[in-house]
$ cat query_9.txt   # compact mmCIF, C-alpha atoms
# COMPACT_ATOMS: atom_id res chain seq x y z
CA MET A 1 177.40 228.30 104.69
CA ARG A 2 175.42 228.77 101.47
CA ALA A 3 176.39 225.28 100.34
CA LYS A 4 175.23 223.81 103.64
CA LEU A 5 171.94 225.74 103.44
CA GLY A 6 171.43 224.54 99.88
CA THR A 7 171.98 220.95 100.96
CA ILE A 8 169.41 221.30 103.75
CA LEU A 9 166.83 222.74 101.36
CA LEU A 10 167.47 219.96 98.84
CA VAL A 11 167.05 217.26 101.48
CA SER A 12 163.85 218.95 102.71
CA LEU A 13 162.40 218.94 99.20
CA ILE A 14 163.24 215.26 98.77
CA VAL A 15 161.58 214.38 102.10
CA VAL A 16 158.46 216.37 101.22
CA ASN A 17 158.22 214.83 97.78
CA PHE A 18 158.42 211.33 99.20
CA THR A 19 156.22 211.97 102.23
CA LEU A 20 153.18 213.63 100.65
CA PRO A 21 152.23 210.70 98.38
CA ALA A 22 152.46 208.37 101.36
CA LEU A 23 150.10 210.56 103.38
CA ALA A 24 147.61 210.63 100.50
CA GLN A 25 147.66 206.87 99.96
CA SER A 26 144.16 205.39 100.16
CA ASN A 27 143.33 202.37 102.32
CA HIS A 28 140.42 201.29 100.10
CA SER A 29 139.20 201.26 96.50
CA LEU A 30 135.62 202.45 97.04
CA GLU A 31 133.78 204.54 94.47
CA TRP A 32 130.21 205.57 93.74
CA GLY A 33 128.45 203.37 91.20
CA VAL A 34 125.79 205.94 90.32
CA GLU A 35 125.63 209.61 89.42
CA VAL A 36 123.56 212.49 90.76
CA GLY A 37 120.28 212.68 88.86
CA GLU A 38 119.98 208.96 88.12
CA GLY A 39 116.62 207.34 88.87
CA PHE A 40 115.56 203.83 89.92
CA THR A 41 112.18 202.15 90.40
CA TYR A 42 111.14 200.58 93.72
CA VAL A 43 108.00 198.81 94.87
CA LEU A 44 106.47 197.95 98.23
CA GLN A 45 105.91 194.22 97.76
CA ARG A 46 104.60 193.51 101.24
CA ALA A 47 103.30 195.54 104.19
CA TYR A 48 101.59 193.50 106.89
CA PHE A 49 100.75 194.94 110.32
CA ALA A 50 99.10 193.08 113.19
CA SER A 51 97.92 196.36 114.72
CA ASP A 52 98.04 200.12 114.30
CA THR A 53 100.69 200.24 117.03
CA GLN A 54 103.04 198.18 114.87
CA ARG A 55 102.31 200.41 111.89
CA ASP A 56 103.30 203.44 113.96
CA VAL A 57 106.61 201.81 114.91
CA VAL A 58 107.47 200.99 111.29
CA GLU A 59 106.62 204.46 110.08
CA ILE A 60 109.08 205.98 112.54
CA GLU A 61 111.88 203.99 110.94
CA LEU A 62 110.53 204.00 107.35
CA PRO A 63 108.34 207.13 107.13
CA TYR A 64 107.89 206.98 103.35
CA LEU A 65 105.71 203.88 103.84
CA THR A 66 103.02 206.18 105.23
CA ASN A 67 102.13 207.29 101.71
CA LEU A 68 102.81 204.09 99.78
CA ASP A 69 100.37 201.20 99.36
CA VAL A 70 101.31 197.57 98.73
CA GLY A 71 102.07 197.11 95.04
CA GLN A 72 102.69 200.80 94.40
CA LYS A 73 105.87 201.87 92.65
CA ALA A 74 108.08 204.82 93.48
CA THR A 75 111.03 206.45 91.71
CA LEU A 76 114.24 207.00 93.65
CA VAL A 77 116.40 209.88 92.37
CA VAL A 78 119.98 210.45 93.52
CA ASP A 79 120.20 213.98 94.89
CA ARG A 80 123.68 214.14 96.46
CA LEU A 81 126.84 212.04 96.76
CA ASP A 82 129.53 212.96 99.28
CA THR A 83 133.16 212.91 98.21
CA ILE A 84 134.72 209.61 99.27
CA PRO A 85 137.67 210.23 101.65
CA GLU A 86 141.08 208.90 100.69
CA THR A 87 141.29 207.08 104.02
CA ILE A 88 138.41 205.63 106.02
CA ASP A 89 139.22 204.43 109.53
CA SER A 90 135.71 203.71 110.84
CA ARG A 91 132.10 203.62 109.72
CA PHE A 92 131.79 207.23 110.91
CA ASP A 93 134.10 208.24 108.03
CA MET A 94 131.86 206.65 105.41
CA PRO A 95 130.52 209.01 102.72
CA VAL A 96 126.82 209.84 102.70
CA SER A 97 124.34 209.72 99.84
CA SER A 98 121.01 211.54 99.71
CA CYS A 99 118.02 210.52 97.60
CA ASN A 100 114.41 211.56 97.02
CA LEU A 101 111.50 209.14 96.57
CA THR A 102 108.48 210.04 94.41
CA ARG A 103 105.29 208.02 94.03
CA GLN A 104 104.93 207.09 90.37
CA ASN A 105 101.14 207.20 89.97
CA ASP A 106 100.78 210.87 90.94
CA SER A 107 104.35 212.27 91.24
CA VAL A 108 103.92 213.04 94.95
CA VAL A 109 107.22 213.22 96.83
CA ILE A 110 107.01 210.78 99.75
CA GLY A 111 110.60 210.87 100.98
CA THR A 112 113.49 213.34 100.94
CA GLU A 113 117.12 213.16 102.07
CA LEU A 114 116.97 209.36 102.26
CA GLU A 115 120.38 207.93 103.12
CA ARG A 116 119.99 204.14 103.09
CA PHE A 117 119.49 203.49 99.41
CA LEU A 118 123.10 203.72 98.21
CA ILE A 119 126.51 202.49 99.31
CA PRO A 120 129.89 202.80 97.54
CA VAL A 121 131.04 199.87 95.41
CA GLY A 122 134.32 198.25 94.49
CA ASP A 123 135.77 197.09 97.82
CA TRP A 124 133.34 194.74 99.54
CA THR A 125 135.97 193.21 101.80
CA PHE A 126 136.81 196.66 103.15
CA LEU A 127 133.13 197.44 103.82
CA ALA A 128 132.79 194.24 105.84
CA GLU A 129 135.94 195.03 107.81
CA VAL A 130 135.17 198.68 108.57
CA GLY A 131 131.70 197.69 109.74
CA ASN A 132 132.99 194.74 111.80
CA ILE A 133 130.15 192.73 110.31
CA THR A 134 131.56 189.25 110.79
CA GLY A 135 132.57 190.11 114.35
CA THR A 136 129.16 191.36 115.45
CA PRO A 137 126.85 188.80 117.12
CA GLY A 138 123.54 188.38 115.31
CA LEU A 139 124.86 189.58 111.95
CA THR A 140 125.36 187.40 108.88
CA LEU A 141 127.25 188.74 105.89
CA ILE A 142 125.69 188.43 102.43
CA ASP A 143 128.37 188.42 99.73
CA THR A 144 127.40 186.84 96.41
CA ALA A 145 128.42 187.52 92.83
CA ASP A 146 125.63 190.08 92.48
CA GLU A 147 124.72 191.32 95.97
CA TRP A 148 126.29 192.45 99.24
CA GLY A 149 124.59 193.14 102.55
CA THR A 150 123.62 191.72 105.93
CA VAL A 151 120.97 189.77 107.77
CA GLY A 152 120.50 190.91 111.34
CA THR A 153 118.62 188.75 113.85
CA GLY A 154 117.91 189.24 117.53
CA SER A 155 115.20 189.45 120.15
CA TYR A 156 114.06 191.59 123.05
CA VAL A 157 111.37 191.50 125.72
CA ASP A 158 108.68 194.15 125.51
CA SER A 159 107.07 195.98 128.43
CA ILE A 160 104.55 193.20 129.15
CA GLY A 161 106.96 190.28 128.85
CA ASN A 162 106.51 189.20 125.23
CA VAL A 163 109.66 188.03 123.45
CA ILE A 164 109.91 189.92 120.16
CA ASP A 165 111.98 188.26 117.43
CA VAL A 166 113.64 190.65 114.99
CA TYR A 167 114.79 189.99 111.42
CA ILE A 168 116.27 192.77 109.26
CA GLU A 169 117.75 192.04 105.84
CA MET A 170 119.46 194.63 103.63
CA ARG A 171 120.95 193.70 100.25
CA TYR A 172 122.70 196.00 97.78
CA GLU A 173 123.52 195.49 94.10
CA LYS A 174 127.24 195.17 93.48
CA GLU A 175 126.89 196.67 90.02
CA ASN A 176 125.94 200.15 91.23
CA GLY A 177 125.47 200.05 95.03
CA THR A 178 121.70 200.61 94.99
CA LEU A 179 119.45 198.98 97.57
CA SER A 180 118.22 195.73 96.06
CA TYR A 181 116.09 194.21 98.83
CA MET A 182 115.00 195.35 102.27
CA ARG A 183 112.95 193.33 104.74
CA TYR A 184 111.86 194.21 108.28
CA HIS A 185 110.12 191.30 110.03
CA TYR A 186 109.09 191.34 113.69
CA SER A 187 107.21 188.43 115.27
CA THR A 188 106.28 186.95 118.63
CA GLY A 189 105.29 183.40 119.50
CA GLY A 190 105.37 182.45 115.82
CA ALA A 191 102.88 185.18 114.83
CA ASP A 192 103.84 188.17 112.70
CA LEU A 193 103.71 191.64 114.21
CA PHE A 194 104.77 193.31 110.99
CA ASP A 195 106.46 192.25 107.77
CA ILE A 196 107.80 194.80 105.28
CA ILE A 197 109.48 194.05 101.95
CA PHE A 198 110.69 196.91 99.74
CA VAL A 199 112.67 196.10 96.59
CA HIS A 200 114.41 197.56 93.56
CA TRP A 201 111.92 196.71 90.82
CA TYR A 202 112.69 195.54 87.28
CA PRO A 203 110.23 194.62 84.49
CA GLY A 204 108.88 191.12 85.00
CA MET A 205 109.18 191.17 88.79
CA PRO A 206 106.00 190.84 90.91
CA THR A 207 104.74 193.98 92.59
CA ILE A 208 102.94 192.10 95.38
CA LEU A 209 104.16 189.02 97.26
CA GLU A 210 101.51 186.62 98.46
CA GLY A 211 101.77 183.93 101.13
CA GLU A 212 104.36 183.34 103.84
CA ILE A 213 102.38 185.55 106.23
CA ASP A 214 101.48 184.04 109.59
CA VAL A 215 98.04 185.32 110.54
CA ALA A 216 98.23 186.67 114.09
CA THR A 217 95.69 185.29 116.51
CA VAL A 218 93.17 187.52 118.26
CA LEU A 219 95.05 186.99 121.52
CA VAL A 220 98.36 188.16 120.07
CA ILE A 221 96.75 191.22 118.49
CA ALA A 222 95.16 192.08 121.82
CA LEU A 223 98.48 191.76 123.63
CA VAL A 224 100.22 193.91 121.05
CA SER A 225 97.54 196.58 121.40
CA VAL A 226 98.19 196.73 125.13
CA VAL A 227 101.81 197.70 124.53
CA GLY A 228 101.90 201.49 124.46
CA VAL A 229 103.40 203.25 121.48
CA ILE A 230 105.92 205.05 123.68
CA MET A 231 107.33 201.86 125.21
CA THR A 232 107.48 200.18 121.82
CA VAL A 233 109.30 203.10 120.23
CA LEU A 234 111.82 203.30 123.07
CA THR A 235 112.60 199.60 122.78
CA TYR A 236 112.78 199.85 119.01
CA ASN A 237 115.23 202.76 119.19
CA TRP A 238 117.39 200.72 121.57
CA TYR A 239 117.59 197.92 119.02
CA ARG A 240 118.17 200.43 116.22
CA GLY A 241 121.41 201.47 117.90
CA LYS A 242 122.75 197.97 117.23
CA LYS A 243 122.20 198.11 113.46
CA PRO A 244 125.00 197.03 111.14
CA LEU A 245 126.99 199.22 108.77
CA VAL A 246 124.65 198.86 105.80
CA GLN A 247 121.80 200.30 107.86
CA GLN A 248 123.84 203.09 109.42
CA LEU A 249 125.59 204.53 106.38
CA GLY A 250 124.90 208.20 106.35
CA GLU A 251 122.91 208.33 109.58

$ encode --input "query_9.txt" --output "structure tokens"
Amino acid sequence: MRAKLGTILLVSLIVVNFTLPALAQSNHSLEWGVEVGEGFTYVLQRAYFASDTQRDVVEIELPYLTNLDVGQKATLVVDRLDTIPETIDSRFDMPVSSCNLTRQNDSVVIGTELERFLIPVGDWTFLAEVGNITGTPGLTLIDTADEWGTVGTGSYVDSIGNVIDVYIEMRYEKENGTLSYMRYHYSTGGADLFDIIFVHWYPGMPTILEGEIDVATVLVIALVSVVGVIMTVLTYNWYRGKKPLVQQLGE
């Protein structure tokens, strides 16, 4: 009886020893490319608004723009990095980063707990798959030697029948996973409603981008002003729910 019991225990130990590593096996090779406390410089290269209504809409999505002028620089500091799970089965399992943004000219904090500025690095194919980027209509994958991200395009009809064209581009540096380039561009009838470009700045880069702005006509501005802020925000939030992985990490 003792011999039989000993055999059972031995087999159990063998099964456990072989099973546990299998359960812990990762399905990705993601890692953080930065450390808590690191800082990076950003600049608002462009901020065009056809009306105050459009400015209000942008500031709901990007509130730190409220206290940042075109050409002004800000320092992003990494405040927190979640532990990356061994297995990630959906975008909801993705780890979250948290950063603070401080205006450089006067050290005023203009953003806290920002979660869109960092993504893990090292397994770009996995990120595209877990976010179903190539399978989502309106999304185009950006995957170059230096950058990874998406371009999202679409349109919707506002409360007074105007067709609003949407363009959102998010690019991240493969070296460390920091946001490299972000653009939000909304237009209607060929005229810009708003155009925002926020970039990771390096010495030698321009702080202000000129040109490529379609001047909205008086008629378009008048039509935009008619659209109430509430209706615009509701429609905007509806579109926001369709954002790709790179815009939803940590939300």

$ closest_residue --input "query_9.txt" --among "A:Glu169, A:Asp158, A:Asp82, A:Asp89" --to "A:Pro120" --atoms "all atoms listed in the file"
A:Asp82

$ atom_distance --input "query_9.txt" --atom1 "atom CA of A:Thr66" --atom2 "atom CA of A:Phe117"
17.7 Å

$ residues_around --input "query_9.txt" --residues "A:Asn176" --least-positions-apart "6" --cutoff "9 Å" --atoms "all atoms listed in the file" --output "PyMOL selection string"
chain A and resi 32-34+118-121

$ closest_residue --input "query_9.txt" --among "A:Asn67, A:Thr178, A:Ile168, A:Thr112" --to "A:Leu139" --atoms "all atoms listed in the file"
A:Ile168

$ atom_distance --input "query_9.txt" --atom1 "atom CA of A:Met94" --atom2 "atom CA of A:Leu76"
21.2 Å

$ atom_distance --input "query_9.txt" --atom1 "atom CA of A:Ser159" --atom2 "atom CA of A:Gln54"
14.3 Å

$ closest_residue --input "query_9.txt" --among "A:Ala74, A:Met170, A:Val130, A:Ile60" --to "A:Val108" --atoms "all atoms listed in the file"
A:Ala74

$ closest_residue --input "query_9.txt" --among "A:Tyr167, A:Phe40, A:Phe92, A:Tyr64" --to "A:Thr188" --atoms "only C-alpha atoms"
A:Tyr167

$ closest_residue --input "query_9.txt" --among "A:Ile164, A:Val109, A:Leu179, A:Cys99" --to "A:His200" --atoms "only C-alpha atoms"
A:Leu179

$ closest_residue --input "query_9.txt" --among "A:Val70, A:Val58, A:Val78, A:Ala128" --to "A:Arg46" --atoms "all atoms listed in the file"
A:Val70

$ residues_around --input "query_9.txt" --residues "A:Asp146" --least-positions-apart "3" --cutoff "9 Å" --atoms "all atoms listed in the file" --output "mmCIF file with C-alpha atoms, in the frame of the given file"
data_model
loop_
_atom_site.group_PDB
_atom_site.id
_atom_site.type_symbol
_atom_site.label_atom_id
_atom_site.label_comp_id
_atom_site.auth_asym_id
_atom_site.auth_seq_id
_atom_site.Cartn_x
_atom_site.Cartn_y
_atom_site.Cartn_z
ATOM 1 C CA ASP A 143 128.370 188.420 99.730
ATOM 2 C CA TYR A 172 122.700 196.000 97.780
ATOM 3 C CA GLU A 173 123.520 195.490 94.100
ATOM 4 C CA LYS A 174 127.240 195.170 93.480
ATOM 5 C CA GLU A 175 126.890 196.670 90.020
#
